[in-house]
Structure formats: C-alpha cells, structure tokens
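Worksheet for the structure shown next.
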Amino acid sequence: MEMPETEATATKRPAWNAGRTVGAKRALKPKQIWEIRFYFNQRRRLRNRALFDLAIDSKLRGCDLEQMKIGDLVTGGQIRTRAIVMQQKTGRPVQFELLPDARASLLAWLDRRGGTVDDYFPQSG
C-alpha cells in the first residue's frame, strides 16, 4: 500500500520544536532584572530602560505596550502611579502600578523625547 506524499515527508522531517523549550517561560529573577537595568544604564539606553521598566511593572504583552500612548502614562507633566490599559487580545482593561524606578526612567525618556499625549509611547525619538 502506497503512502501519500504528504504523509511520507511528515514522517521523515523532525518536528519544528524538537529539542526546544515550549510553553511558558520562567519569570526573570530579581538579579536578572537588576543586571538588565544596569546594562541599559551603562550604555545610556533611556528608551530601552523605560520600555523594560514599563514591561516589568505592567506585565503586558508586547502588542499592548506598542499601542500605549503617552497620555496613558502622563497626567499634568507627571508620570501616573497607576495606569489602565485595554488589552488587545482579551479586550479587558488592566490596571497596574508604576513603581518609582519605572516612573523615573519613563520621565527621563519622555523629557528627552518630547511629544504630545496622543503620540504612541514606544516610538523612537
């Protein structure tokens, strides 16, 4: 009995994820977070540091971080202590707290970058 061509090639080819870790990844340890922040500070990467701090504090997906506007984070020239963002995937609002380190890095980046409340946050400037 002959096998169709697609079945024959499927049995010969290894799975795309063979030997790779799949599924949820482990959370970063506090030491790793500190090292990443130190790396960005040493190389004066204000934008990367601000995005990293925002990602850590908010625990949002990358697609949600890209859709954030400056107005979601800033009120009256100050970085908010709490922000609410609508998740793209679930359509649900997510509230998160911005810690002092994140607020400082966000403020430093936005002072350098400029922009209005309607501009998207992560765009380079």
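Identifiers for the structure tokens are assigned positionally: chains receive A, B, ... in sequence, residues are indexed from 1 per chain, and ligands are indexed from 1 in the order shown.
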Residues of segment 45-68 of chain A that have any atom at most 12 Å from an atom of segment 79-95 of chain A: could you tabulate them with the shortest-distance atom pair and the distance in Å to one decimal, using only C-alpha atoms, ordered by chain and increasing number, as CSV?
residue,atom,partner,partner_atom,distance
A:Ala50,CA,A:Ile79,CA,11.9
A:Leu54,CA,A:Ala83,CA,10.7
A:Asp57,CA,A:Arg82,CA,10.2
A:Ser58,CA,A:Gln95,CA,8.0
A:Lys59,CA,A:Val94,CA,9.6
A:Leu60,CA,A:Gln87,CA,7.9
A:Arg61,CA,A:Gln87,CA,8.3
A:Gly62,CA,A:Gln88,CA,10.2
A:Cys63,CA,A:Gln88,CA,7.3
A:Asp64,CA,A:Gln87,CA,6.0
A:Leu65,CA,A:Val85,CA,9.1
A:Glu66,CA,A:Gln88,CA,10.5
A:Gln67,CA,A:Gln88,CA,8.7
A:Met68,CA,A:Val85,CA,7.5
Mind writing the picked residues with N, CA, C and O atoms as a PDB file, in the first residue's frame?
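This went into selection-v6.pdb:
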ATOM      1  N   ALA A  50      13.302  52.478  29.802  1.00  0.00           N
ATOM      2  CA  ALA A  50      11.926  52.865  30.096  1.00  0.00           C
ATOM      3  C   ALA A  50      10.948  51.779  29.640  1.00  0.00           C
ATOM      4  O   ALA A  50      10.021  51.420  30.375  1.00  0.00           O
ATOM      5  N   LEU A  54       8.617  49.537  32.107  1.00  0.00           N
ATOM      6  CA  LEU A  54       7.173  49.522  31.874  1.00  0.00           C
ATOM      7  C   LEU A  54       6.676  48.088  31.669  1.00  0.00           C
ATOM      8  O   LEU A  54       5.639  47.705  32.209  1.00  0.00           O
ATOM      9  N   ASP A  57       6.725  46.261  35.129  1.00  0.00           N
ATOM     10  CA  ASP A  57       5.683  46.719  36.045  1.00  0.00           C
ATOM     11  C   ASP A  57       4.280  46.358  35.564  1.00  0.00           C
ATOM     12  O   ASP A  57       3.416  45.996  36.355  1.00  0.00           O
ATOM     13  N   SER A  58       4.043  46.448  34.266  1.00  0.00           N
ATOM     14  CA  SER A  58       2.691  46.243  33.757  1.00  0.00           C
ATOM     15  C   SER A  58       2.384  44.780  33.457  1.00  0.00           C
ATOM     16  O   SER A  58       1.219  44.385  33.464  1.00  0.00           O
ATOM     17  N   LYS A  59       3.401  43.976  33.156  1.00  0.00           N
ATOM     18  CA  LYS A  59       3.236  42.576  32.766  1.00  0.00           C
ATOM     19  C   LYS A  59       2.337  42.449  31.533  1.00  0.00           C
ATOM     20  O   LYS A  59       1.638  41.465  31.357  1.00  0.00           O
ATOM     21  N   LEU A  60       2.393  43.458  30.674  1.00  0.00           N
ATOM     22  CA  LEU A  60       1.592  43.444  29.456  1.00  0.00           C
ATOM     23  C   LEU A  60       2.332  42.745  28.323  1.00  0.00           C
ATOM     24  O   LEU A  60       3.557  42.654  28.330  1.00  0.00           O
ATOM     25  N   ARG A  61       1.589  42.303  27.332  1.00  0.00           N
ATOM     26  CA  ARG A  61       2.175  41.740  26.116  1.00  0.00           C
ATOM     27  C   ARG A  61       2.809  42.862  25.303  1.00  0.00           C
ATOM     28  O   ARG A  61       2.439  44.020  25.408  1.00  0.00           O
ATOM     29  N   GLY A  62       3.736  42.493  24.435  1.00  0.00           N
ATOM     30  CA  GLY A  62       4.412  43.471  23.586  1.00  0.00           C
ATOM     31  C   GLY A  62       3.449  44.251  22.714  1.00  0.00           C
ATOM     32  O   GLY A  62       3.603  45.456  22.524  1.00  0.00           O
ATOM     33  N   CYS A  63       2.420  43.581  22.185  1.00  0.00           N
ATOM     34  CA  CYS A  63       1.453  44.274  21.328  1.00  0.00           C
ATOM     35  C   CYS A  63       0.696  45.337  22.112  1.00  0.00           C
ATOM     36  O   CYS A  63       0.324  46.384  21.562  1.00  0.00           O
ATOM     37  N   ASP A  64       0.471  45.106  23.409  1.00  0.00           N
ATOM     38  CA  ASP A  64      -0.213  46.101  24.236  1.00  0.00           C
ATOM     39  C   ASP A  64       0.712  47.272  24.567  1.00  0.00           C
ATOM     40  O   ASP A  64       0.268  48.417  24.637  1.00  0.00           O
ATOM     41  N   LEU A  65       2.001  47.002  24.767  1.00  0.00           N
ATOM     42  CA  LEU A  65       2.961  48.079  25.023  1.00  0.00           C
ATOM     43  C   LEU A  65       3.093  48.987  23.805  1.00  0.00           C
ATOM     44  O   LEU A  65       3.203  50.203  23.939  1.00  0.00           O
ATOM     45  N   GLU A  66       3.066  48.388  22.616  1.00  0.00           N
ATOM     46  CA  GLU A  66       3.180  49.187  21.387  1.00  0.00           C
ATOM     47  C   GLU A  66       2.006  50.128  21.200  1.00  0.00           C
ATOM     48  O   GLU A  66       2.148  51.178  20.588  1.00  0.00           O
ATOM     49  N   GLN A  67       0.839  49.759  21.687  1.00  0.00           N
ATOM     50  CA  GLN A  67      -0.363  50.559  21.490  1.00  0.00           C
ATOM     51  C   GLN A  67      -0.559  51.642  22.561  1.00  0.00           C
ATOM     52  O   GLN A  67      -1.487  52.434  22.472  1.00  0.00           O
ATOM     53  N   MET A  68       0.324  51.675  23.558  1.00  0.00           N
ATOM     54  CA  MET A  68       0.180  52.670  24.623  1.00  0.00           C
ATOM     55  C   MET A  68       0.534  54.054  24.102  1.00  0.00           C
ATOM     56  O   MET A  68       1.471  54.223  23.330  1.00  0.00           O
TER      57      MET A  68
END
Exercise for the section: May I have the residues within 9 Å of Ala102 of chain A as a ChimeraX atom specification, using only C-alpha atoms and disregarding those fewer than 4 positions away in the same chain? Expected result: /A:49-54,56-57,98,106-107
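Close contacts of Asp111 of chain A, defined as residues with an atom at most 12 Å away when counting only C-alpha atoms, with chain neighbours fewer than 4 positions off set aside, comprise Leu46, Arg47, Ala50, Ile70, Val74, Gly77, Gln78, Ile79, Arg103, Ala104, Ser105, Leu106, Leu107, Gly115, Thr116 and Gly125 of chain A.
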Could you write those residues out with C-alpha atoms, as a PDB file, in the first residue's frame?
ATOM      1  CA  LEU A  46      16.969  55.536  28.085  1.00  0.00           C
ATOM      2  CA  ARG A  47      14.257  54.291  25.748  1.00  0.00           C
ATOM      3  CA  ALA A  50      11.926  52.865  30.096  1.00  0.00           C
ATOM      4  CA  ILE A  70       1.887  58.969  26.280  1.00  0.00           C
ATOM      5  CA  VAL A  74       1.248  61.023  31.924  1.00  0.00           C
ATOM      6  CA  GLY A  77       3.619  66.585  33.350  1.00  0.00           C
ATOM      7  CA  GLN A  78       3.855  63.790  35.941  1.00  0.00           C
ATOM      8  CA  ILE A  79       4.034  60.041  35.408  1.00  0.00           C
ATOM      9  CA  ARG A 103       8.418  56.393  36.756  1.00  0.00           C
ATOM     10  CA  ALA A 104      11.933  57.883  36.876  1.00  0.00           C
ATOM     11  CA  SER A 105      13.085  56.092  33.717  1.00  0.00           C
ATOM     12  CA  LEU A 106       9.842  56.924  31.888  1.00  0.00           C
ATOM     13  CA  LEU A 107      10.122  60.595  32.847  1.00  0.00           C
ATOM     14  CA  GLY A 115       5.783  64.505  22.212  1.00  0.00           C
ATOM     15  CA  THR A 116       2.111  65.020  22.918  1.00  0.00           C
ATOM     16  CA  GLY A 125      12.631  59.987  19.006  1.00  0.00           C
TER      17      GLY A 125
END
Handout entry: segment 3-117 of chain A: residues DSSP assigns to strand (DSSP E), reported as a list in words
Key =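 Going through segment 3-117 of chain A, the strand (DSSP E) residues come out as Val74, Thr75, Gln78, Ile79, Arg82, Ala83, Ile84, Val85, Met86, Pro93, Val94, Gln95, Phe96 and Glu97 of chain A.
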Practice task
Using DSSP on the backbone coordinates, identify all residues within segment 27-118 of chain A classified as alpha helix (DSSP H); present the result as a ChimeraX atom specification.
Solution key: /A:30-42,46-58,62-66,70-73,100-113
Practice task
Mind giving me the straight-line distance from atom CA of Tyr120 of chain A to atom CA of Phe38 of chain A in Å, one decimal?
Solution key: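 Interatomic distance here is 25.7 Å.
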Handout entry: Two-atom distance - atom CA of Gly71 of chain A, atom CA of Gly114 of chain A (Å)
Key =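 If I compute the distance from atom CA of Gly71 of chain A to atom CA of Gly114 of chain A, I get 12.3 Å.
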Exercise for the section: For Lys69 of chain A, please output as a PyMOL selection string all residues within 8 Å (counting only C-alpha atoms; exclusion window: fewer than 4 positions along the same chain). Expected result: chain A and resi 73+117-121
Restrict the selected residues to N, CA and C atoms and save them as a PDB file, in the first residue's frame.
ATOM      1  N   LEU A  73       0.069  57.298  30.312  1.00  0.00           N
ATOM      2  CA  LEU A  73       1.055  57.256  31.389  1.00  0.00           C
ATOM      3  C   LEU A  73       1.267  58.592  32.089  1.00  0.00           C
ATOM      4  N   VAL A 117       0.342  64.012  24.232  1.00  0.00           N
ATOM      5  CA  VAL A 117      -0.361  62.905  24.876  1.00  0.00           C
ATOM      6  C   VAL A 117      -0.973  61.941  23.877  1.00  0.00           C
ATOM      7  N   ASP A 118      -1.124  62.357  22.614  1.00  0.00           N
ATOM      8  CA  ASP A 118      -1.698  61.490  21.590  1.00  0.00           C
ATOM      9  C   ASP A 118      -0.652  60.657  20.850  1.00  0.00           C
ATOM     10  N   ASP A 119       0.636  60.896  21.114  1.00  0.00           N
ATOM     11  CA  ASP A 119       1.703  60.134  20.471  1.00  0.00           C
ATOM     12  C   ASP A 119       1.829  58.763  21.149  1.00  0.00           C
ATOM     13  N   TYR A 120       2.196  57.764  20.353  1.00  0.00           N
ATOM     14  CA  TYR A 120       2.439  56.449  20.915  1.00  0.00           C
ATOM     15  C   TYR A 120       3.714  56.479  21.742  1.00  0.00           C
ATOM     16  N   PHE A 121       3.698  55.797  22.869  1.00  0.00           N
ATOM     17  CA  PHE A 121       4.823  55.856  23.789  1.00  0.00           C
ATOM     18  C   PHE A 121       6.114  55.281  23.210  1.00  0.00           C
TER      19      PHE A 121
END
